[in-house]
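**Q** So here's final.txt, just compact mmCIF, C-alpha atoms and all ligand atoms:
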```
# COMPACT_ATOMS: atom_id res chain seq x y z
CA MET A 26 5.50 8.48 86.09
CA LYS A 27 1.73 8.82 85.76
CA LEU A 28 -0.23 5.56 85.74
CA VAL A 29 -3.82 4.68 84.99
CA VAL A 30 -4.91 1.51 86.80
CA THR A 31 -8.18 -0.12 85.72
CA GLY A 32 -10.04 -2.56 87.98
CA ALA A 33 -8.70 -0.56 90.94
CA SER A 34 -11.82 -1.36 92.99
CA GLY A 35 -10.99 -5.04 92.49
CA PHE A 36 -8.62 -7.50 94.14
CA LEU A 37 -5.45 -7.06 92.08
CA GLY A 38 -6.02 -3.48 90.87
CA ARG A 39 -5.95 -2.15 94.42
CA GLU A 40 -2.59 -3.84 95.04
CA VAL A 41 -1.25 -2.40 91.78
CA CYS A 42 -2.22 1.11 92.95
CA LEU A 43 -0.47 0.53 96.28
CA ALA A 44 2.65 -0.83 94.53
CA ALA A 45 2.75 2.27 92.30
CA LEU A 46 2.37 4.59 95.30
CA ARG A 47 5.24 2.82 97.11
CA ARG A 48 7.46 3.86 94.20
CA GLY A 49 6.21 7.45 94.31
CA TYR A 50 4.17 7.36 91.10
CA GLN A 51 1.03 9.36 90.40
CA VAL A 52 -2.01 7.10 90.11
CA LEU A 53 -5.41 7.51 88.49
CA ALA A 54 -7.44 4.62 89.91
CA LEU A 55 -10.47 3.53 87.88
CA GLY A 56 -13.14 1.25 89.32
CA GLY A 57 -16.16 -0.07 87.40
CA ALA A 58 -19.41 0.45 89.29
CA ARG A 59 -17.50 1.37 92.47
CA ALA A 60 -15.07 4.28 92.90
CA PRO A 61 -11.91 2.83 94.47
CA THR A 62 -11.00 4.02 97.97
CA ILE A 63 -7.29 3.45 98.41
CA PRO A 64 -5.17 5.26 101.02
CA GLY A 65 -2.83 7.72 99.29
CA VAL A 66 -4.66 7.72 95.93
CA ALA A 67 -6.01 11.21 95.27
CA GLN A 68 -7.54 10.57 91.84
CA ALA A 69 -10.11 7.77 91.82
CA SER A 70 -13.45 7.30 90.11
CA ALA A 71 -16.04 4.83 88.89
CA PHE A 72 -15.74 4.53 85.11
CA ASP A 73 -17.38 2.26 82.51
CA LEU A 74 -14.53 1.08 80.29
CA CYS A 75 -17.06 -0.23 77.76
CA ASP A 76 -17.89 3.39 76.87
CA GLU A 77 -15.19 3.68 74.19
CA ALA A 78 -15.71 7.39 73.47
CA ALA A 79 -15.43 8.30 77.15
CA LEU A 80 -12.36 6.07 77.51
CA GLU A 81 -10.65 7.74 74.58
CA ALA A 82 -11.47 11.22 75.93
CA LEU A 83 -10.19 10.32 79.40
CA LEU A 84 -6.87 8.90 78.21
CA LEU A 85 -6.21 11.76 75.79
CA GLU A 86 -6.91 14.18 78.64
CA GLU A 87 -4.77 12.34 81.22
CA PHE A 88 -1.98 11.27 78.82
CA PRO A 89 -0.52 8.61 81.17
CA HIS A 90 2.95 7.10 80.81
CA ALA A 91 1.53 3.65 81.51
CA ILE A 92 -1.76 1.77 81.89
CA VAL A 93 -2.14 -1.36 83.99
CA HIS A 94 -5.32 -3.08 82.89
CA CYS A 95 -6.79 -5.26 85.65
CA ALA A 96 -10.52 -4.79 84.97
CA ALA A 97 -12.22 -7.94 83.70
CA LEU A 98 -15.04 -10.36 84.21
CA PRO A 99 -12.56 -12.77 85.76
CA THR A 100 -14.37 -16.03 86.45
CA ILE A 101 -15.74 -18.86 84.33
CA GLU A 102 -19.15 -18.56 86.04
CA ALA A 103 -19.45 -14.78 85.55
CA CYS A 104 -18.61 -15.09 81.83
CA LEU A 105 -21.16 -17.87 81.32
CA ALA A 106 -23.82 -15.76 83.05
CA GLU A 107 -23.11 -12.68 80.89
CA PRO A 108 -21.43 -13.79 77.64
CA GLU A 109 -21.92 -10.52 75.77
CA ARG A 110 -20.52 -8.45 78.62
CA ALA A 111 -17.62 -10.93 78.92
CA ARG A 112 -16.65 -10.47 75.26
CA LYS A 113 -16.89 -6.71 75.51
CA LEU A 114 -15.01 -6.28 78.77
CA ASN A 115 -12.47 -9.10 78.39
CA THR A 116 -11.65 -8.69 74.68
CA ASP A 117 -12.94 -5.43 73.16
CA VAL A 118 -11.78 -3.18 76.02
CA PRO A 119 -8.15 -4.45 76.02
CA LYS A 120 -8.09 -4.07 72.23
CA LYS A 121 -9.21 -0.44 72.54
CA LEU A 122 -6.68 0.17 75.32
CA ALA A 123 -3.90 -1.26 73.14
CA GLN A 124 -4.89 1.05 70.27
CA LEU A 125 -5.02 4.07 72.57
CA SER A 126 -1.76 3.31 74.35
CA PHE A 127 -0.07 2.87 70.95
CA HIS A 128 -1.38 6.31 69.99
CA LEU A 129 -0.19 7.84 73.29
CA GLY A 130 3.15 6.05 73.31
CA ALA A 131 2.16 4.70 76.74
CA LYS A 132 3.18 1.30 78.12
CA LEU A 133 0.25 -1.10 78.49
CA VAL A 134 0.40 -3.98 80.96
CA HIS A 135 -2.54 -6.28 80.33
CA LEU A 136 -3.44 -8.99 82.84
CA SER A 137 -4.28 -12.37 81.38
CA THR A 138 -4.80 -15.83 82.81
CA ASP A 139 -3.51 -19.43 82.89
CA THR A 140 -7.06 -20.38 81.84
CA VAL A 141 -6.14 -19.66 78.20
CA PHE A 142 -4.61 -23.18 78.27
CA ASP A 143 -6.48 -26.51 78.25
CA GLY A 144 -4.48 -27.93 81.17
CA LYS A 145 -3.61 -31.17 79.37
CA SER A 146 0.18 -30.90 79.74
CA GLY A 147 0.97 -28.27 82.41
CA GLY A 148 4.34 -26.54 82.65
CA TYR A 149 3.23 -23.99 80.04
CA GLN A 150 5.72 -21.61 78.46
CA PRO A 151 4.72 -18.20 77.05
CA THR A 152 5.30 -19.60 73.55
CA ASP A 153 2.79 -22.46 73.98
CA THR A 154 -0.44 -22.17 72.01
CA PRO A 155 -3.59 -21.30 73.99
CA ALA A 156 -6.50 -23.75 73.76
CA PRO A 157 -9.16 -22.47 76.15
CA LEU A 158 -11.86 -24.82 77.43
CA ASN A 159 -14.36 -22.15 78.46
CA LEU A 160 -15.67 -18.68 77.53
CA TYR A 161 -13.53 -16.92 80.15
CA GLY A 162 -10.37 -18.45 78.65
CA GLU A 163 -11.61 -17.71 75.10
CA THR A 164 -12.24 -14.02 75.77
CA LYS A 165 -8.87 -13.62 77.51
CA ALA A 166 -6.99 -15.52 74.76
CA ALA A 167 -8.63 -13.31 72.12
CA ALA A 168 -7.56 -10.22 74.08
CA GLU A 169 -3.92 -11.37 74.14
CA VAL A 170 -3.92 -11.53 70.33
CA GLU A 171 -5.44 -8.05 70.00
CA VAL A 172 -3.16 -6.45 72.60
CA LEU A 173 -0.03 -7.85 70.98
CA ARG A 174 -1.27 -7.01 67.48
CA PHE A 175 -1.59 -3.33 68.34
CA GLY A 176 1.09 -3.17 70.99
CA ARG A 177 3.93 -5.49 70.05
CA GLU A 178 6.48 -2.76 70.82
CA HIS A 179 5.03 -1.27 73.97
CA ALA A 180 2.57 -3.72 75.51
CA ALA A 181 3.20 -6.56 77.94
CA VAL A 182 0.66 -9.33 78.43
CA LEU A 183 1.07 -10.85 81.86
CA ARG A 184 -0.49 -14.30 82.19
CA THR A 185 -0.97 -15.36 85.77
CA SER A 186 -2.38 -18.02 88.09
CA PRO A 187 -4.98 -18.00 90.90
CA ILE A 188 -4.27 -14.94 93.04
CA ILE A 189 -4.17 -15.25 96.82
CA GLY A 190 -4.05 -12.47 99.38
CA ASN A 191 -6.19 -10.30 101.63
CA SER A 192 -8.99 -8.48 99.81
CA VAL A 193 -10.91 -5.41 100.92
CA SER A 194 -14.22 -7.16 100.27
CA GLY A 195 -12.97 -10.09 102.36
CA ASP A 196 -14.19 -12.66 99.83
CA ARG A 197 -11.80 -12.54 96.83
CA GLY A 198 -8.78 -14.34 98.30
CA LEU A 199 -8.78 -18.14 98.28
CA HIS A 200 -8.15 -18.39 102.04
CA GLU A 201 -11.04 -15.97 102.61
CA ARG A 202 -13.42 -18.24 100.70
CA LEU A 203 -12.14 -21.27 102.62
CA PHE A 204 -12.57 -19.51 105.97
CA ALA A 205 -16.14 -18.47 105.04
CA SER A 206 -17.03 -22.09 104.39
CA TRP A 207 -15.19 -23.45 107.46
CA LYS A 208 -16.91 -20.92 109.68
CA GLU A 209 -20.27 -22.26 108.43
CA GLY A 210 -19.19 -25.74 109.51
CA LYS A 211 -18.59 -26.89 105.93
CA PRO A 212 -15.28 -28.59 105.14
CA ALA A 213 -13.84 -27.75 101.71
CA THR A 214 -13.67 -30.57 99.16
CA LEU A 215 -10.70 -29.97 96.87
CA PHE A 216 -9.19 -31.83 93.92
CA THR A 217 -6.04 -33.83 94.55
CA ASP A 218 -5.25 -33.94 90.83
CA GLU A 219 -6.03 -30.40 89.64
CA ILE A 220 -2.80 -28.42 89.62
CA ARG A 221 -2.45 -24.67 90.07
CA GLN A 222 0.47 -22.35 90.90
CA PRO A 223 -0.78 -19.59 93.21
CA VAL A 224 0.65 -16.10 93.28
CA GLU A 225 0.26 -13.47 95.99
CA ALA A 226 -1.48 -10.25 94.91
CA SER A 227 1.14 -7.72 96.06
CA ASN A 228 4.00 -9.70 94.47
CA LEU A 229 2.10 -9.80 91.17
CA ALA A 230 1.38 -6.08 91.52
CA ASP A 231 5.11 -5.35 91.94
CA VAL A 232 5.77 -7.21 88.69
CA ALA A 233 3.08 -5.23 86.85
CA ILE A 234 4.68 -1.96 87.98
CA GLU A 235 8.18 -3.15 87.11
CA LEU A 236 6.92 -3.93 83.61
CA CYS A 237 5.67 -0.34 83.37
CA GLU A 238 9.15 0.88 84.24
CA ARG A 239 10.97 -1.35 81.74
CA ALA A 240 10.43 -0.07 78.20
CA ASN A 241 12.34 -3.03 76.73
CA LEU A 242 10.07 -5.67 78.30
CA SER A 243 7.19 -6.07 75.88
CA GLY A 244 5.45 -9.21 74.63
CA LEU A 245 3.93 -12.16 76.42
CA TYR A 246 5.08 -13.24 79.88
CA HIS A 247 4.11 -15.61 82.68
CA TRP A 248 4.16 -14.80 86.40
CA ALA A 249 3.11 -16.88 89.40
CA GLY A 250 4.58 -18.28 92.60
CA THR A 251 7.40 -20.83 92.43
CA GLU A 252 5.29 -23.87 93.45
CA ALA A 253 2.70 -25.77 91.45
CA MET A 254 0.53 -28.04 93.59
CA SER A 255 -2.91 -29.60 93.76
CA ARG A 256 -5.88 -27.58 94.95
CA HIS A 257 -6.09 -30.02 97.85
CA GLU A 258 -2.49 -29.35 98.90
CA ILE A 259 -3.12 -25.59 98.65
CA GLY A 260 -6.11 -25.93 101.02
CA VAL A 261 -4.21 -28.18 103.44
CA ARG A 262 -1.25 -25.81 103.59
CA ILE A 263 -3.51 -22.82 104.18
CA ALA A 264 -5.29 -24.65 107.04
CA ARG A 265 -2.00 -25.75 108.63
CA HIS A 266 -0.51 -22.27 108.28
CA PHE A 267 -3.32 -20.97 110.49
CA GLY A 268 -2.95 -23.84 112.96
CA LEU A 269 -6.26 -25.39 111.86
CA ASP A 270 -7.05 -29.11 111.60
CA ALA A 271 -6.47 -29.72 107.89
CA ASP A 272 -7.72 -33.33 108.01
CA ALA A 273 -11.09 -32.18 109.33
CA LEU A 274 -11.44 -29.05 107.17
CA VAL A 275 -10.05 -30.11 103.78
CA ARG A 276 -11.42 -33.23 102.09
CA PRO A 277 -9.72 -34.81 99.08
CA VAL A 278 -11.57 -35.64 95.87
CA SER A 279 -10.24 -36.79 92.50
CA ARG A 280 -11.41 -35.49 89.16
CA ALA A 281 -12.61 -38.96 88.21
CA GLU A 282 -15.19 -38.77 91.02
CA VAL A 283 -16.76 -35.55 89.66
CA PRO A 284 -18.11 -35.86 86.06
CA ALA A 285 -18.15 -32.05 85.52
CA ALA A 286 -14.41 -31.87 86.27
CA ALA A 287 -13.61 -33.21 82.79
CA SER A 288 -14.43 -29.78 81.33
CA ARG A 289 -11.99 -28.03 83.68
CA PRO A 290 -8.29 -27.56 82.87
CA ARG A 291 -6.31 -30.19 84.83
CA ASP A 292 -2.83 -28.73 85.14
CA LEU A 293 -2.30 -25.00 84.59
CA SER A 294 1.22 -24.74 85.98
CA LEU A 295 3.29 -22.04 84.31
CA ARG A 296 7.00 -21.69 83.49
CA LEU A 297 8.16 -18.25 84.57
CA HIS A 298 11.09 -18.09 82.19
CA PRO A 299 12.19 -15.67 80.71
CA LEU A 300 10.54 -13.00 82.90
CA ALA A 301 11.86 -14.40 86.20
CA GLY A 302 15.42 -13.74 85.05
CA LYS A 303 14.75 -10.17 83.98
CA LEU A 304 13.11 -8.59 87.04
CA ARG A 305 14.21 -7.29 90.43
CA THR A 306 10.99 -8.73 91.91
CA SER A 307 11.43 -12.41 92.79
CA ALA A 308 8.81 -15.12 92.50
CA GLN A 309 7.70 -16.26 95.96
CA SER A 310 7.52 -19.71 97.52
CA PHE A 311 4.12 -20.68 98.89
CA GLU A 312 5.45 -20.22 102.45
CA GLU A 313 6.32 -16.60 101.64
CA GLN A 314 2.82 -16.09 100.27
CA LEU A 315 1.14 -17.70 103.29
CA ALA A 316 3.06 -15.39 105.63
CA GLN A 317 1.08 -12.45 104.23
CA LEU A 318 -2.39 -13.90 104.79
CA ARG A 319 -4.53 -12.60 107.66
CA VAL A 320 -7.54 -14.13 109.39
CA PRO A 321 -10.44 -12.64 107.36
CA ARG A 322 -12.66 -10.09 109.00
CA GLY A 323 -15.78 -11.67 110.49
CA CYS A 324 -13.98 -14.96 111.11
CA GLU A 325 -12.03 -13.88 114.21
CA ASP A 326 -14.43 -15.31 116.81
CA TRP A 327 -14.70 -18.66 115.04
CA TYR A 328 -10.92 -18.75 114.61
CA GLU A 329 -10.15 -17.89 118.23
CA GLN A 330 -12.65 -20.48 119.53
CA THR A 331 -11.35 -23.16 117.16
CA THR A 332 -7.62 -22.67 117.67
CA GLY A 333 -7.34 -20.90 121.03
CA ARG A 334 -5.11 -18.37 119.27
CA LYS A 335 -5.74 -14.65 119.68
CA VAL A 336 -6.25 -12.55 116.55
CA VAL A 337 -4.33 -9.29 116.83
CA ARG A 338 -6.12 -6.68 114.73
CA ARG A 339 -4.07 -4.13 112.84
CA LEU A 340 -4.48 -1.63 110.03
CA GLU A 341 -2.63 -2.79 106.92
CA LYS A 342 -2.78 -1.05 103.54
CA GLY A 343 -6.01 0.61 104.62
CA ILE A 344 -7.67 -2.68 105.61
CA ASP A 345 -8.54 -3.25 109.26
CA PHE A 346 -7.48 -6.85 110.02
N1 LIG A 401 -8.27 -13.44 90.67
C1 LIG A 401 -7.56 -14.42 90.14
O1 LIG A 401 -7.34 -15.47 90.76
C2 LIG A 401 -6.98 -14.25 88.74
C3 LIG A 401 -6.22 -15.31 88.20
C4 LIG A 401 -5.64 -15.14 86.93
C5 LIG A 401 -5.81 -13.96 86.23
N2 LIG A 401 -6.57 -12.96 86.78
C6 LIG A 401 -6.73 -11.71 86.00
O2 LIG A 401 -6.32 -10.64 86.83
C7 LIG A 401 -7.10 -9.47 86.54
C8 LIG A 401 -7.67 -8.91 87.84
O3 LIG A 401 -8.54 -9.86 88.43
P1 LIG A 401 -9.20 -9.59 89.88
O4 LIG A 401 -9.32 -10.90 90.55
O5 LIG A 401 -8.51 -8.47 90.55
O6 LIG A 401 -10.67 -9.11 89.44
P2 LIG A 401 -11.83 -8.48 90.37
O7 LIG A 401 -11.44 -8.41 91.80
O8 LIG A 401 -13.10 -9.22 90.05
O9 LIG A 401 -11.94 -7.01 89.81
C9 LIG A 401 -12.52 -6.77 88.56
C10 LIG A 401 -12.52 -5.28 88.35
O10 LIG A 401 -13.08 -4.99 87.06
C11 LIG A 401 -13.92 -3.85 87.22
N3 LIG A 401 -14.92 -3.77 86.17
C12 LIG A 401 -15.91 -4.65 85.89
N4 LIG A 401 -16.66 -4.18 84.86
C13 LIG A 401 -16.15 -2.98 84.50
C14 LIG A 401 -16.47 -1.99 83.53
N5 LIG A 401 -17.49 -2.15 82.67
N6 LIG A 401 -15.72 -0.87 83.46
C15 LIG A 401 -14.69 -0.70 84.31
N7 LIG A 401 -14.30 -1.59 85.24
C16 LIG A 401 -15.04 -2.73 85.34
C17 LIG A 401 -14.55 -4.07 88.59
O11 LIG A 401 -15.10 -2.85 89.06
P3 LIG A 401 -16.40 -2.78 90.03
O12 LIG A 401 -16.32 -3.96 90.93
O13 LIG A 401 -16.22 -1.45 90.70
O14 LIG A 401 -17.60 -2.82 89.12
C18 LIG A 401 -13.33 -4.51 89.38
O15 LIG A 401 -12.59 -3.39 89.81
C19 LIG A 401 -8.13 -9.90 85.51
O16 LIG A 401 -7.68 -9.56 84.23
C20 LIG A 401 -8.17 -11.42 85.64
O17 LIG A 401 -8.56 -12.03 84.42
C21 LIG A 401 -7.16 -13.07 88.01
```
Would it be possible to restate this file's structure as structure tokens?
**A**
Amino acid sequence: MKLVVTGASGFLGREVCLAALRRGYQVLALGGARAPTIPGVAQASAFDLCDEAALEALLLEEFPHAIVHCAALPTIEACLAEPERARKLNTDVPKKLAQLSFHLGAKLVHLSTDTVFDGKSGGYQPTDTPAPLNLYGETKAAAEVEVLRFGREHAAVLRTSPIIGNSVSGDRGLHERLFASWKEGKPATLFTDEIRQPVEASNLADVAIELCERANLSGLYHWAGTEAMSRHEIGVRIARHFGLDADALVRPVSRAEVPAAASRPRDLSLRLHPLAGKLRTSAQSFEEQLAQLRVPRGCEDWYEQTTGRKVVRRLEKGIDF
């Protein structure tokens, strides 16, 4: 199978490329401004997906069996800073990809987000109606409609939760951001009543590839880890996993104490049914996810001094940990 992976210079896209390679597939890895460098990927380039004519020419030339679309402006802050770019990249590009993959008869797996929901009830099913509270959620919710409109038969929209894992840049994973702050002597203040359901990047990548393989799995699906918990609990469990003093490094705060929190979704937990029953890949407990996290590069000295533990460096998936 020949796959095009967009956002391959990003956090999830890289893992999707590696998951495809593990299964022996041919991968064309597209980054945005940066050409992806991924061990084992021979075809990789920087490519502006907003150039619709070039995108059409590329896909007609390559004629892939499947496209996994990970490129996005994937944070609330980035979308607010560049609203026009957010609409183009997060909504118009997936629409164009859905049209093109329909034309090619290629499977499209489009990554979406829990942030399409308002967080009032939690426990969201794929059939629940999106009600985004911010521009990021709006642009992603609009994309879901377009992708399914053009690709009901051959496209899968995969809504997911905050992604954890080891990133090449060293600053995309949640534990990497926590370490960066801890290393600067700043404890993290995290909400005790904002609920999320983290997923590990390589597990999510396996699901994206399995969806490419399964022609009968189209439509809208949810994927995350098995445990929904507060941001505070996530931080505490990460600290404890690394043998760090969670009480000193992770401070609790409630949403009521922070006026701006009212505009943030409270509970974005997801129900994984029916996808969880249809795949070989299993959803992971948080313990299984934690087991894959490494001490981020640049934090080794601080970590060794703080815990007395030695960091053993190793090369994993082309990243030197
Ligand atoms: N990260 C999370 O916690 C999370 C949670 C839920 C859902 N998601 C969804 O998962 C997907 C992947 O997120 P991520 O965290 O992996 O994102 P990321 O690390 O920020 O990567 C974004 C990718 O998009 C590329 N890109 C940006 N503008 C582009 C353009 N004009 N043309 C082509 N490519 C462009 C970037 O390329 P360059 O950097 O080379 O410019 C980068 O490879 C997104 O759809 C996101 O909405 C993420």
**Q** Residues at most 8 Å from ligand LIG 401 (chain A), using all atoms listed in the file? Could they come as a ChimeraX atom specification?
**A** /A:31-39,55-61,71-75,94-100,114-115,135-140,165,184-189,197-198
**Q** What gap, in Å, lies between atom CA of Gly147 of chain A and atom CA of Ile259 of chain A?
**A**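 Atom-to-atom, atom CA of Gly147 of chain A to atom CA of Ile259 of chain A, that is 17.0 Å.
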**Q** Counting all atoms listed in the file, what is within 9 Å of Ala264 of chain A, bar same-chain residues fewer than 5 positions away, as JSON, numbers by chain?
**A** {"A": [200, 203, 204, 259, 269, 270, 271, 274, 275]}
**Q** Which one of A:Val29, A:Ala226, A:Leu84, A:Ala106 sits closest to His128 of chain A if you count all atoms listed in the file?
**A** A:Leu84
**Q** Which is closest to Arg280 of chain A among A:Arg262, A:Arg338, A:His257, A:Arg296, if we use all atoms listed in the file?
**A**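 For Arg280 of chain A, the nearest of the candidates is A:His257.
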**Q** Using all atoms listed in the file, which residue out of A:Glu163, A:Glu77, A:Glu169, A:Glu329 lies closest to Ile101 of chain A?
**A**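 Answer, going by the shortest atom-to-atom distance: A:Glu163.
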**Q** Would you compute, for all listed atoms of segment 227-241 of chain A, the axis-aligned bounding box grown by 4 Å on each side, and then report its centre and edge lengths in Å rounded to one decimal, as JSON?
**A**
```
{"center_x": 6.7, "center_y": -4.5, "center_z": 86.4, "size_x": 19.2, "size_y": 18.7, "size_z": 27.3}
```
